[in-house]
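Student: Sharing model_19.txt below, compact mmCIF, C-alpha atoms:
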# COMPACT_ATOMS: atom_id res chain seq x y z
CA MET Z 13 -2.50 -7.39 -34.48
CA ASN Z 14 -1.47 -3.79 -35.22
CA ASN Z 15 -3.98 -2.52 -32.68
CA ILE Z 16 -2.65 -4.87 -30.05
CA THR Z 17 0.96 -3.88 -30.73
CA THR Z 18 0.00 -0.20 -30.56
CA TYR Z 19 -1.86 -0.78 -27.27
CA PHE Z 20 1.20 -2.34 -25.66
CA PHE Z 21 3.94 -0.17 -27.19
CA ASN Z 22 2.38 3.23 -27.78
CA LYS Z 23 2.27 4.58 -24.25
CA ILE Z 24 2.44 3.69 -20.61
CA ASN Z 25 -1.15 2.67 -19.87
CA GLN Z 26 -3.08 3.97 -16.84
CA PRO Z 27 -0.20 5.95 -15.32
CA LYS Z 28 -2.48 7.71 -12.84
CA GLU Z 29 -4.20 4.59 -11.62
CA VAL Z 30 -0.93 2.68 -11.36
CA SER Z 31 0.58 5.54 -9.37
CA TRP Z 32 -2.38 5.48 -6.93
CA PHE Z 33 -2.11 1.71 -6.70
CA ARG Z 34 1.59 1.96 -5.94
CA ASN Z 35 1.10 4.59 -3.27
CA ALA Z 36 -1.63 2.49 -1.66
CA LEU Z 37 0.70 -0.50 -1.72
CA TYR Z 38 3.55 1.42 -0.07
CA VAL Z 39 1.23 2.90 2.59
CA PHE Z 40 -0.11 -0.57 3.27
CA LEU Z 41 3.47 -1.85 3.69
CA LEU Z 42 4.11 0.90 6.23
CA TYR Z 43 0.98 -0.28 8.07
CA LYS Z 44 2.38 -3.84 7.94
CA VAL Z 45 5.56 -2.54 9.55
CA PHE Z 46 3.44 -0.97 12.29
CA LEU Z 47 1.83 -4.38 12.85
CA PHE Z 48 5.27 -6.05 12.94
CA LEU Z 49 6.42 -3.58 15.56
CA ALA Z 50 3.20 -3.85 17.59
CA GLN Z 51 3.65 -7.64 17.69
CA PHE Z 52 7.45 -7.66 17.68
CA ASN Z 53 7.79 -9.82 20.80
CA ALA Z 54 5.38 -12.45 19.53
CA LEU Z 55 6.77 -12.56 15.99
CA PHE Z 56 10.46 -11.64 15.97
CA SER Z 57 12.02 -11.52 19.44
CA ASN Z 58 14.11 -14.29 21.00
CA ASN Z 59 10.93 -15.33 22.84
CA ARG Z 60 8.81 -15.31 19.67
CA LEU Z 61 5.90 -17.69 19.24
CA ILE Z 62 6.85 -18.59 15.67
CA TYR Z 63 8.28 -22.11 15.42
CA HIS Z 64 11.53 -21.90 13.52
CA SER Z 65 12.81 -24.55 11.13
CA VAL Z 66 15.56 -24.12 8.57
CA LYS Z 67 14.61 -24.90 4.96
CA LYS Z 68 17.36 -25.71 2.52
CA ILE Z 69 16.34 -26.79 -0.97
CA ASN Z 70 18.57 -25.12 -3.55
CA PHE Z 71 20.26 -21.79 -4.03
CA ILE Z 72 17.36 -20.14 -5.87
CA VAL Z 73 14.63 -21.31 -3.51
CA ASP Z 74 16.80 -20.63 -0.47
CA SER Z 75 16.95 -16.95 -1.42
CA CYS Z 76 13.29 -16.72 -0.34
CA PHE Z 77 14.24 -18.20 3.02
CA PHE Z 78 17.35 -16.09 3.58
CA LEU Z 79 15.86 -14.45 6.69
CA ASN Z 80 14.42 -17.73 7.90
CA ASN Z 81 17.62 -19.71 7.42
CA ASN Z 82 19.93 -17.05 8.88
CA TYR Z 83 17.52 -15.77 11.51
CA SER Z 84 18.61 -13.33 14.15
CA VAL Z 85 16.60 -10.54 15.76
CA LEU Z 86 19.03 -8.01 14.30
CA LEU Z 87 18.55 -9.36 10.77
CA ALA Z 88 14.77 -9.18 11.21
CA ILE Z 89 15.11 -5.53 12.30
CA VAL Z 90 17.26 -4.83 9.22
CA PHE Z 91 14.57 -6.37 6.98
CA ILE Z 92 11.81 -4.36 8.66
CA ILE Z 93 13.81 -1.13 8.32
CA ALA Z 94 14.42 -2.01 4.66
CA VAL Z 95 10.66 -2.23 4.09
CA VAL Z 96 10.21 1.23 5.64
CA VAL Z 97 13.03 2.82 3.64
CA LEU Z 98 12.07 1.23 0.31
CA SER Z 99 8.38 2.07 0.79
CA ILE Z 100 9.18 5.69 1.58
CA ILE Z 101 11.47 5.85 -1.48
CA GLY Z 102 8.49 4.58 -3.47
CA LEU Z 103 6.10 7.10 -1.94
CA PHE Z 104 8.45 9.90 -2.96
CA LYS Z 105 8.44 8.47 -6.50
CA LYS Z 106 12.16 7.74 -6.41
CA SER Z 107 11.80 3.99 -6.81
CA ASN Z 108 13.25 2.07 -9.73
CA TYR Z 109 13.55 -1.55 -10.84
CA ILE Z 110 16.24 -2.28 -8.23
CA THR Z 111 14.49 -0.73 -5.21
CA ASN Z 112 11.18 -2.38 -6.11
CA PHE Z 113 12.84 -5.73 -6.64
CA MET Z 114 14.54 -5.37 -3.25
CA LEU Z 115 11.19 -4.53 -1.67
CA TRP Z 116 9.62 -7.67 -3.15
CA PHE Z 117 12.56 -9.78 -1.95
CA VAL Z 118 12.47 -8.36 1.59
CA VAL Z 119 8.69 -8.67 1.97
CA MET Z 120 8.76 -12.21 0.58
CA ASN Z 121 11.45 -13.18 3.08
CA LEU Z 122 9.46 -11.70 5.97
CA SER Z 123 6.38 -13.48 4.71
CA ASP Z 124 8.20 -16.83 4.43
CA PHE Z 125 9.57 -16.45 7.93
CA LEU Z 126 6.05 -15.74 9.23
CA TYR Z 127 4.45 -18.53 7.20
CA PRO Z 128 2.22 -19.84 10.05
CA VAL Z 129 0.44 -16.48 10.28
CA ASN Z 130 0.14 -15.75 6.57
CA THR Z 131 -3.25 -15.22 4.99
CA ALA Z 132 -4.24 -15.14 1.32
CA GLY Z 133 -3.66 -11.38 1.57
CA ASP Z 134 0.05 -11.93 2.19
CA TYR Z 135 0.32 -14.21 -0.83
CA MET Z 136 -1.50 -11.66 -2.95
CA LEU Z 137 0.76 -8.91 -1.64
CA ASN Z 138 3.82 -10.84 -2.81
CA GLN Z 139 2.35 -11.15 -6.31
CA LEU Z 140 1.46 -7.46 -6.42
CA LEU Z 141 4.97 -6.49 -5.32
CA PHE Z 142 6.56 -8.75 -7.93
CA PHE Z 143 4.71 -7.19 -10.87
CA ASN Z 144 5.06 -3.76 -9.27
CA CYS Z 145 8.80 -4.04 -10.01
CA PHE Z 146 8.11 -3.48 -13.70
CA LEU Z 147 5.56 -0.66 -13.45
CA LEU Z 148 6.08 3.03 -14.26
CA PRO Z 149 9.69 2.83 -15.47
CA LYS Z 150 11.85 5.93 -15.70
CA PRO Z 151 11.99 7.12 -19.34
CA SER Z 152 15.22 6.44 -21.20
CA HIS Z 153 16.93 8.41 -23.99
CA ASN Z 154 17.25 5.24 -26.03
CA LEU Z 155 14.07 4.63 -28.02
CA ILE Z 156 14.46 0.85 -28.11
CA ILE Z 157 14.93 0.67 -24.34
CA ASN Z 158 11.93 2.96 -23.95
CA ASP Z 159 9.80 0.65 -26.09
CA PHE Z 160 10.98 -2.29 -24.02
CA LYS Z 161 10.18 -0.55 -20.73
CA THR Z 162 6.74 0.47 -22.03
CA VAL Z 163 5.76 -3.02 -23.09
CA ILE Z 164 7.03 -4.50 -19.81
CA HIS Z 165 4.90 -1.98 -17.88
CA ASN Z 166 1.81 -2.71 -19.93
CA ILE Z 167 2.26 -6.48 -19.74
CA SER Z 168 2.78 -6.27 -15.95
CA LEU Z 169 -0.42 -4.28 -15.65
CA VAL Z 170 -2.27 -7.01 -17.53
CA ALA Z 171 -0.59 -9.59 -15.28
CA LEU Z 172 -1.73 -7.80 -12.12
CA LYS Z 173 -5.32 -7.66 -13.31
CA THR Z 174 -5.18 -11.29 -14.40
CA GLN Z 175 -3.84 -12.27 -10.98
CA VAL Z 176 -6.76 -10.58 -9.23
CA CYS Z 177 -9.31 -12.14 -11.58
CA LEU Z 178 -7.69 -15.56 -11.27
CA ALA Z 179 -7.74 -15.36 -7.48
CA TYR Z 180 -11.48 -14.65 -7.43
CA PHE Z 181 -12.22 -17.27 -10.05
CA ILE Z 182 -10.25 -20.05 -8.34
CA ALA Z 183 -11.76 -19.12 -4.97
CA ALA Z 184 -15.22 -19.39 -6.55
CA CYS Z 185 -14.40 -22.76 -8.15
CA PHE Z 186 -13.34 -24.15 -4.77
CA LYS Z 187 -16.58 -22.90 -3.26
CA LEU Z 188 -18.58 -24.62 -5.98
CA THR Z 189 -17.18 -27.95 -4.80
CA ASP Z 190 -18.37 -27.42 -1.23
CA ASP Z 191 -21.86 -28.39 -0.03
CA THR Z 192 -22.16 -25.59 2.52
CA TRP Z 193 -21.57 -22.96 -0.17
CA LEU Z 194 -23.96 -24.66 -2.56
CA ASN Z 195 -26.78 -24.98 -0.01
CA GLY Z 196 -26.24 -21.43 1.22
CA SER Z 197 -25.28 -22.23 4.81
CA ALA Z 198 -21.55 -21.36 4.58
CA LEU Z 199 -21.69 -17.83 5.97
CA ASN Z 200 -24.10 -18.78 8.74
CA LEU Z 201 -21.78 -21.59 9.81
CA THR Z 202 -18.73 -19.33 9.66
CA PHE Z 203 -20.46 -16.65 11.71
CA GLN Z 204 -21.08 -19.16 14.52
CA VAL Z 205 -17.32 -19.58 14.95
CA PRO Z 206 -16.09 -16.90 17.40
CA GLU Z 207 -12.76 -16.56 15.63
CA PHE Z 208 -14.35 -15.24 12.43
CA SER Z 209 -17.32 -13.49 13.91
CA ASN Z 210 -18.66 -10.94 16.37
CA SER Z 211 -21.96 -10.37 18.16
CA VAL Z 212 -23.45 -8.51 15.17
CA PHE Z 213 -22.58 -11.27 12.69
CA GLN Z 214 -23.91 -13.95 15.04
CA SER Z 215 -27.28 -12.21 15.22
CA ILE Z 216 -27.78 -11.99 11.43
CA PRO Z 217 -30.87 -14.04 10.47
CA TYR Z 218 -30.23 -17.28 8.57
CA ALA Z 219 -32.11 -16.11 5.44
CA ILE Z 220 -29.88 -13.04 5.08
CA CYS Z 221 -26.78 -15.21 5.51
CA VAL Z 222 -28.03 -17.44 2.68
CA VAL Z 223 -28.52 -14.43 0.41
CA PHE Z 224 -25.01 -13.14 1.18
CA THR Z 225 -23.52 -16.61 0.66
CA TYR Z 226 -24.95 -16.76 -2.86
CA LEU Z 227 -24.05 -13.13 -3.55
CA THR Z 228 -20.44 -13.82 -2.55
CA LEU Z 229 -20.35 -16.87 -4.77
CA PHE Z 230 -21.85 -14.96 -7.69
CA TYR Z 231 -19.51 -12.03 -7.09
CA GLN Z 232 -16.35 -14.16 -7.12
CA LEU Z 233 -17.47 -16.15 -10.12
CA SER Z 234 -18.52 -13.15 -12.20
CA PHE Z 235 -15.79 -10.69 -11.22
CA PRO Z 236 -13.26 -11.84 -13.88
CA PHE Z 237 -15.87 -11.40 -16.60
CA LEU Z 238 -17.88 -8.36 -15.54
CA VAL Z 239 -15.10 -6.13 -14.23
CA TRP Z 240 -14.15 -5.21 -17.81
CA PHE Z 241 -17.55 -3.60 -18.47
CA ARG Z 242 -18.05 -0.13 -17.08
CA PRO Z 243 -21.79 -0.47 -16.16
CA PHE Z 244 -21.08 -3.42 -13.87
CA LYS Z 245 -17.88 -2.10 -12.37
CA ILE Z 246 -19.43 0.29 -9.86
CA TYR Z 247 -21.70 -2.43 -8.43
CA LEU Z 248 -18.85 -4.95 -8.32
CA PHE Z 249 -16.59 -2.54 -6.49
CA LEU Z 250 -19.31 -1.43 -4.07
CA PHE Z 251 -20.08 -5.02 -3.14
CA GLY Z 252 -16.38 -5.96 -3.11
CA ILE Z 253 -15.34 -3.08 -0.88
CA LEU Z 254 -18.24 -3.75 1.51
CA GLN Z 255 -17.40 -7.45 1.57
CA HIS Z 256 -13.69 -6.90 2.20
CA LEU Z 257 -14.34 -4.30 4.90
CA LEU Z 258 -16.62 -6.81 6.63
CA ILE Z 259 -13.91 -9.46 6.26
CA ALA Z 260 -11.35 -7.02 7.69
CA PHE Z 261 -13.28 -5.58 10.63
CA GLY Z 262 -15.97 -8.20 11.19
CA MET Z 263 -14.10 -11.42 10.60
CA GLY Z 264 -10.74 -10.03 11.67
CA LEU Z 265 -8.71 -10.79 8.52
CA VAL Z 266 -7.54 -7.20 8.25
CA SER Z 267 -4.53 -7.53 5.93
CA PHE Z 268 -6.44 -9.68 3.46
CA GLY Z 269 -9.33 -7.21 3.32
CA PHE Z 270 -7.07 -4.22 2.73
CA VAL Z 271 -4.92 -5.90 0.05
CA MET Z 272 -7.93 -6.94 -1.98
CA ILE Z 273 -9.39 -3.42 -1.83
CA ILE Z 274 -6.05 -2.01 -3.04
CA CYS Z 275 -6.26 -4.33 -6.07
CA TYR Z 276 -9.45 -2.58 -7.23
CA ILE Z 277 -7.49 0.60 -7.96
CA LEU Z 278 -5.99 -1.17 -10.98
CA PHE Z 279 -9.43 -1.53 -12.54
CA LEU Z 280 -10.45 2.09 -12.11
CA LYS Z 281 -11.07 3.74 -15.48
CA TYR Z 282 -9.24 0.90 -17.14
CA ASP Z 283 -10.34 2.34 -20.47
CA TYR Z 284 -9.10 5.85 -19.58
CA LYS Z 285 -7.63 7.60 -22.58
CA SER Z 286 -5.12 10.41 -22.02
CA MET W 17 11.99 -0.76 -32.69
CA ASN W 18 10.46 -2.00 -35.93
CA GLN W 19 6.98 -3.50 -36.09
CA GLY W 20 8.19 -7.10 -36.60
CA LEU W 21 10.46 -6.96 -33.58
CA LYS W 22 7.67 -5.45 -31.50
CA ARG W 23 5.33 -8.28 -32.49
CA MET W 24 7.92 -10.92 -31.66
CA LEU W 25 8.67 -9.34 -28.29
CA LEU W 26 5.00 -9.03 -27.48
CA LEU W 27 4.36 -12.62 -28.48
CA GLY W 28 7.25 -13.81 -26.32
CA LEU W 29 6.08 -11.86 -23.29
CA ALA W 30 2.47 -12.95 -23.78
CA THR W 31 3.60 -16.59 -23.97
CA LEU W 32 5.58 -16.20 -20.74
CA LEU W 33 2.59 -14.62 -19.04
CA CYS W 34 0.23 -17.37 -20.20
CA LEU W 35 2.67 -20.01 -18.99
CA HIS W 36 3.02 -18.24 -15.63
CA PHE W 37 -0.71 -18.15 -14.99
CA PHE W 38 -1.24 -21.63 -16.37
CA LEU W 39 1.26 -23.03 -13.86
CA ILE W 40 -0.29 -20.97 -11.06
CA THR W 41 -3.74 -22.30 -12.00
CA VAL W 42 -2.46 -25.88 -11.93
CA TYR W 43 -0.69 -25.28 -8.60
CA THR W 44 -3.66 -23.69 -6.87
CA SER W 45 -6.38 -25.72 -8.49
CA SER W 46 -8.00 -28.72 -6.83
CA LEU W 47 -8.70 -30.30 -10.20
CA THR W 48 -5.28 -31.93 -10.48
CA ASN W 49 -4.60 -33.33 -7.06
CA SER W 50 -2.48 -36.14 -8.34
CA ASP W 51 1.30 -35.93 -8.33
CA GLY W 52 1.42 -35.86 -12.13
CA LYS W 53 4.31 -34.29 -14.02
CA LEU W 54 2.39 -31.07 -14.53
CA LYS W 55 1.67 -30.68 -10.85
CA ILE W 56 5.33 -31.32 -9.99
CA LEU W 57 6.43 -28.82 -12.63
CA SER W 58 3.98 -26.24 -11.30
CA ARG W 59 5.26 -26.80 -7.75
CA MET W 60 8.85 -26.31 -8.88
CA TYR W 61 7.94 -23.06 -10.59
CA VAL W 62 5.38 -21.56 -8.23
CA TYR W 63 6.79 -22.47 -4.81
CA PRO W 64 8.01 -20.40 -3.06
CA PHE W 65 8.20 -17.29 -5.26
CA PHE W 66 4.58 -17.24 -6.42
CA HIS W 67 3.00 -19.43 -3.76
CA GLN W 68 -0.69 -18.69 -3.20
CA ASN W 69 -3.76 -20.49 -1.94
CA TRP W 70 -7.30 -19.47 -2.83
CA CYS W 71 -9.17 -22.20 -1.00
CA LEU W 72 -10.81 -19.48 1.08
CA PHE W 73 -13.31 -20.69 3.68
CA VAL W 74 -13.70 -24.03 1.93
CA PRO W 75 -14.93 -25.96 3.75
CA ALA W 76 -16.71 -23.27 5.73
CA PRO W 77 -15.40 -23.35 9.30
CA ASN W 78 -18.03 -24.70 11.69
CA VAL W 79 -15.93 -25.62 14.69
CA LYS W 80 -15.17 -23.62 17.81
CA ASN W 81 -11.66 -24.47 18.95
CA SER W 82 -10.23 -23.85 22.39
CA ILE W 83 -6.82 -24.25 23.98
CA TYR W 84 -7.19 -24.58 27.73
CA VAL W 85 -3.95 -24.54 29.70
CA ARG W 86 -2.96 -24.66 33.34
CA TYR W 87 0.41 -24.88 35.02
CA GLN W 88 1.94 -25.70 38.36
CA THR W 89 2.65 -22.91 40.85
CA ASN W 90 3.81 -22.98 44.50
CA ILE W 91 0.21 -23.49 45.66
CA GLY W 92 -0.81 -26.09 43.08
CA TYR W 93 -2.21 -25.85 39.56
CA THR W 94 -3.70 -22.58 38.32
CA ASN W 95 -7.27 -22.45 36.97
CA TRP W 96 -7.81 -23.50 33.35
CA LYS W 97 -7.39 -20.61 30.96
CA ASP W 98 -8.51 -20.59 27.29
CA ILE W 99 -5.63 -18.76 25.67
CA LEU W 100 -7.08 -18.84 22.15
CA SER W 101 -10.32 -17.18 23.30
CA ASN W 102 -8.31 -14.57 25.21
CA GLU W 103 -6.42 -13.67 22.05
CA ILE W 104 -9.58 -13.65 19.92
CA ASN W 105 -11.22 -11.27 22.39
CA LYS W 106 -8.19 -8.98 22.32
CA HIS W 107 -8.32 -9.01 18.51
CA LYS W 108 -12.03 -8.18 18.55
CA ALA W 109 -11.38 -5.23 20.87
CA ASN W 110 -9.09 -3.65 18.26
CA ARG W 111 -8.77 -5.13 14.80
CA LEU W 112 -6.01 -2.77 13.69
CA ILE W 113 -3.14 -3.51 16.05
CA GLY W 114 -2.10 -6.88 14.69
CA GLN W 115 -3.48 -9.37 17.22
CA GLU W 116 -4.64 -11.24 14.11
CA SER W 117 -1.21 -12.90 13.86
CA VAL W 118 -1.34 -14.57 17.27
CA CYS W 119 -4.93 -15.75 16.69
CA LEU W 120 -3.99 -17.21 13.30
CA LEU W 121 -0.89 -18.82 14.75
CA PHE W 122 -2.76 -20.75 17.45
CA SER W 123 -5.73 -21.42 15.25
CA ASN W 124 -3.69 -22.87 12.35
CA SER W 125 -1.50 -25.00 14.62
CA LEU W 126 -4.59 -26.31 16.36
CA VAL W 127 -6.23 -27.29 13.08
CA TYR W 128 -3.14 -29.33 12.07
CA GLU W 129 -3.00 -30.95 15.51
CA PHE W 130 -6.71 -31.88 15.35
CA ILE W 131 -6.09 -33.50 11.97
CA ASP W 132 -3.35 -35.63 13.54
CA LEU W 133 -5.51 -36.49 16.55
CA SER W 134 -8.80 -36.99 14.71
CA GLU W 135 -8.44 -40.78 14.47
CA SER W 136 -8.32 -41.27 18.23
CA GLY W 137 -11.39 -39.20 19.22
CA THR W 138 -11.70 -37.80 22.75
CA LYS W 139 -8.76 -39.08 24.76
CA VAL W 140 -6.46 -38.50 27.72
CA TYR W 141 -2.76 -38.54 26.84
CA LEU W 142 -0.45 -39.42 29.70
CA GLN W 143 2.58 -38.83 27.50
CA LYS W 144 3.38 -36.20 24.94
CA PRO W 145 2.28 -37.40 21.48
CA LYS W 146 5.08 -37.82 18.97
CA ASN W 147 4.00 -35.69 16.02
CA ILE W 148 5.43 -32.51 14.60
CA SER W 149 2.15 -30.58 14.84
CA PHE W 150 2.02 -31.21 18.59
CA ASP W 151 5.66 -30.10 18.91
CA ILE W 152 4.83 -26.86 17.11
CA LEU W 153 1.71 -26.21 19.19
CA HIS W 154 3.57 -27.09 22.40
CA PHE W 155 6.36 -24.68 21.43
CA GLU W 156 3.87 -21.87 20.75
CA ILE W 157 1.94 -22.39 23.99
CA SER W 158 5.17 -22.60 26.01
CA GLN W 159 6.48 -19.37 24.48
CA TYR W 160 3.12 -17.70 25.08
CA LEU W 161 3.03 -18.69 28.75
CA LYS W 162 6.64 -17.63 29.24
CA ALA W 163 5.97 -14.24 27.68
CA ASN W 164 2.56 -13.51 29.22
CA ASP W 165 2.53 -15.36 32.55
CA TYR W 166 6.30 -15.44 33.18
CA VAL W 167 6.19 -19.21 33.55
CA LYS W 168 9.66 -20.77 33.60
CA SER W 169 10.95 -23.57 31.36
CA GLY W 170 10.49 -26.98 32.96
CA THR W 171 7.28 -26.00 34.84
CA PRO W 172 4.73 -28.84 34.78
CA CYS W 173 1.62 -27.96 32.79
CA GLU W 174 -1.49 -29.51 31.21
CA TYR W 175 -3.36 -28.79 28.00
CA LEU W 176 -6.97 -29.45 27.11
CA LEU W 177 -7.65 -28.98 23.40
CA VAL W 178 -11.37 -28.85 22.60
CA SER W 179 -13.11 -28.78 19.25
CA THR W 180 -16.87 -28.15 19.34
CA ASN W 181 -19.42 -28.08 16.57
CA ARG W 182 -23.22 -28.50 16.50
CA GLU W 183 -23.00 -32.28 16.52
CA ILE W 184 -19.89 -33.36 18.36
CA VAL W 185 -17.37 -32.30 20.97
CA ASN W 186 -13.85 -33.70 20.84
CA ALA W 187 -11.49 -33.08 23.73
CA TYR W 188 -7.83 -34.06 24.05
CA TYR W 189 -6.32 -33.85 27.52
CA PHE W 190 -2.52 -33.81 27.72
CA LYS W 191 -1.07 -34.52 31.16
CA SER W 192 2.51 -34.58 32.40
CA ILE W 193 3.86 -31.94 30.05
CA THR W 194 6.52 -29.44 30.95
CA ILE W 195 7.01 -25.97 29.54
CA ARG W 196 9.77 -26.04 26.90
Would you write the structure of this file as structure tokens?
Tutor:
Amino acid sequence: MNNITTYFFNKINQPKEVSWFRNALYVFLLYKVFLFLAQFNALFSNNRLIYHSVKKINFIVDSCFFLNNNYSVLLAIVFIIAVVVLSIIGLFKKSNYITNFMLWFVVMNLSDFLYPVNTAGDYMLNQLLFFNCFLLPKPSHNLIINDFKTVIHNISLVALKTQVCLAYFIAACFKLTDDTWLNGSALNLTFQVPEFSNSVFQSIPYAICVVFTYLTLFYQLSFPFLVWFRPFKIYLFLFGILQHLLIAFGMGLVSFGFVMIICYILFLKYDYKS
Amino acid sequence: MNQGLKRMLLLGLATLLCLHFFLITVYTSSLTNSDGKLKILSRMYVYPFFHQNWCLFVPAPNVKNSIYVRYQTNIGYTNWKDILSNEINKHKANRLIGQESVCLLFSNSLVYEFIDLSESGTKVYLQKPKNISFDILHFEISQYLKANDYVKSGTPCEYLLVSTNREIVNAYYFKSITIR
């Protein structure tokens, strides 16, 4: 128990890796803003394609739908500008609990407004931004507050890693209930659908698709267990990065691919001792 | 902070974290599909703040969907145009400029509409079907045509929604529709 307490209270764990992760997250948000602007007419203008319906449940839940329920183009622009400003504040290492919480709130509102075009990457991004609020706190003169901030950082770091592992594990469990994943034909079938494919993917021989189907299944199932062991990590990350780049550029789910790659930063040198 | 207080704080935070991920697991898992108390509790906690869905490519997609549209002009109806394929091709030409959103929008709406229409099989609809998924799809197509082809509200148009896999082709032809 003493060891565990020391681990969580002694120091801010993985400051370097968390800082890289944060920067990657903020840069990715700036890229998301670029996408919002590139597709502004389709997503946010008065002639947008997004079907709009007001959701009123209760005060707490409604806060997530503030943009949706009070929609105007001007408000959407304010939210987008807020993402830019708060991300840049973060990149210059000036962020704090309040700015990061605001960033989570703004991104979640944008995401809830754009719910028909969300992918798993957007959901993951919201989780990352939530726990990001508690990372790398500014040191305080009060020792008790410092202890509190340290443990909150370290717990949030554990939460982020757990979230990533859980996502892979649940995705794998779903796949284990599906015949096409079990008989190895899932990727081949997917690659025949133009929406998630291209000419290169369509020409991949069936046998190779079967191998990659099982590798993907094995990867997702084993990730939560093997990622904690250094000898396996390099192979997991190599396969994961390759897989997510193929998902991004081959299958066209760009945001999802990038978000999942960003998550790997958290596992770099997880046993780093400073 | 003394050691006892540290332990208590750590225990409290660890309990909160375990509860958080337990409820997320229940919410996202397919194991408890029933509307039991736990599932309701998990919904209340997880949605919308921590909403997530990890049912990725299950079942594996094996259907090619198309949205063919045509509309009335001064010289009669235009040729059929597959707007979903057009958007997919644009997205393939450059993956980094965000065309993904429009593809996902049409694709998701179409999936929900096919679920609603699946009982009827291939069919010609002389009147607009009364379901919310058709309303949403109709809204999106209307907005798309207004933005890209400068078609005006009230213009007569027709949709042909086609779902093709290795075994079966289902087509749903909607006549007498007007742009919203």
Student: With a distance cut-off of 9 Å and only C-alpha atoms, select the neighbouring residues of Ala50 in chain Z, excluding the residue or stretch itself and same-chain residues fewer than 3 positions from it, and output the selection as a ChimeraX atom specification.
Tutor: /Z:45-47,53 /W:113-115
Student: Can you work out the spacing between CA of Tyr43 in chain W and CA of Val118 in chain Z in Å, to one decimal?
Tutor: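 A separation of 23.7 Å between them.
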Student: Please determine, counting all atoms listed in the file, which residue among W:Phe65, W:Leu177, W:Asn102, W:Leu133 has the shortest atom-to-atom distance to Trp116 in chain Z.
Tutor: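 Closest residue, counting all atoms listed in the file: W:Phe65.
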Student: Would you compute the distance between CA of Leu199 in chain Z and CA of Ala132 in chain Z? Give it in Å to one decimal.
Tutor: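 So the answer is 18.3 Å.
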Student: Just how far from CA of Asn112 in chain Z is CA of Leu79 in chain Z, in Å to one decimal?
Tutor: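 Separating CA of Leu79 in chain Z from CA of Asn112 in chain Z is a distance of 18.2 Å.
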Student: Can you sort out the box for range 167-174 of chain Z, edges along x, y and z, all listed atoms in, 8 Å on every side, with centre and edge lengths in Å to one decimal, as JSON?
Tutor:
{"center_x": -1.3, "center_y": -7.8, "center_z": -15.9, "size_x": 24.1, "size_y": 23.0, "size_z": 23.6}
Student: Show me which bits of chain Z are within 6 Å of chain W, counting all atoms listed in the file, as number ranges by chain.
Tutor: Z: 47, 61, 128-129, 135, 156, 183, 186, 198, 201-202, 205
Student: Every residue with an atom at most 10 Å from (7.7, -23.4, 31.4) (file coordinates; all atoms listed in the file) is what I'm after, so could you write them as a PyMOL selection string?
Tutor: chain W and resi 87-88+157-162+165-173+193-196
Student: With a distance cut-off of 8 Å and all atoms listed in the file, select the neighbouring residues of range 175-178 of chain Z, excluding the residue or stretch itself and same-chain residues fewer than 2 positions from it, and output the selection as a PyMOL selection string.
Tutor: (chain Z and resi 139+171-173+180-182+235-236+275) or (chain W and resi 37+41)
Student: Tell me which of Z:Gly133, Z:Asn25, Z:Lys67, Z:Asn15 sits closest to Ile167 in chain Z, counting all atoms listed in the file.
Tutor: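 With all atoms listed in the file as the atom set, the closest residue is Z:Asn25.
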Student: Given the point (-28.1, -16.2, 0.6) in the coordinates of this file, which residues lie within 12 Å, counting all atoms listed in the file, and how would they look as a list in words?
Tutor: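 Protein and nucleic acid residues near the point are Thr192, Trp193, Leu194, Asn195, Gly196, Ser197, Ala198, Leu199, Asn200, Ile216, Pro217, Tyr218, Ala219, Ile220, Cys221, Val222, Val223, Phe224, Thr225, Tyr226, Leu227, Thr228, Leu229 and Phe230 of chain Z.
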Student: What's around Pro149 in chain Z at 12 Å? Count only C-alpha atoms, leave out sequence neighbours fewer than 2 positions away in its own chain, and write the answer as a ChimeraX atom specification.
Tutor: /Z:23-25,27,30-31,105-112,144-147,151-152,157-166,168
Student: Between W:Phe38, W:Tyr93, W:Phe150, W:Tyr188, which one has atoms that come closest to Ser134 in chain W, using all atoms listed in the file?
Tutor: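 With all atoms listed in the file as the atom set, the closest residue is W:Tyr188.
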Student: So, counting all atoms listed in the file, which residue among W:Ile83, W:Pro145, W:Asp98, W:Gly92 is closest to Val127 in chain W?
Tutor: W:Ile83
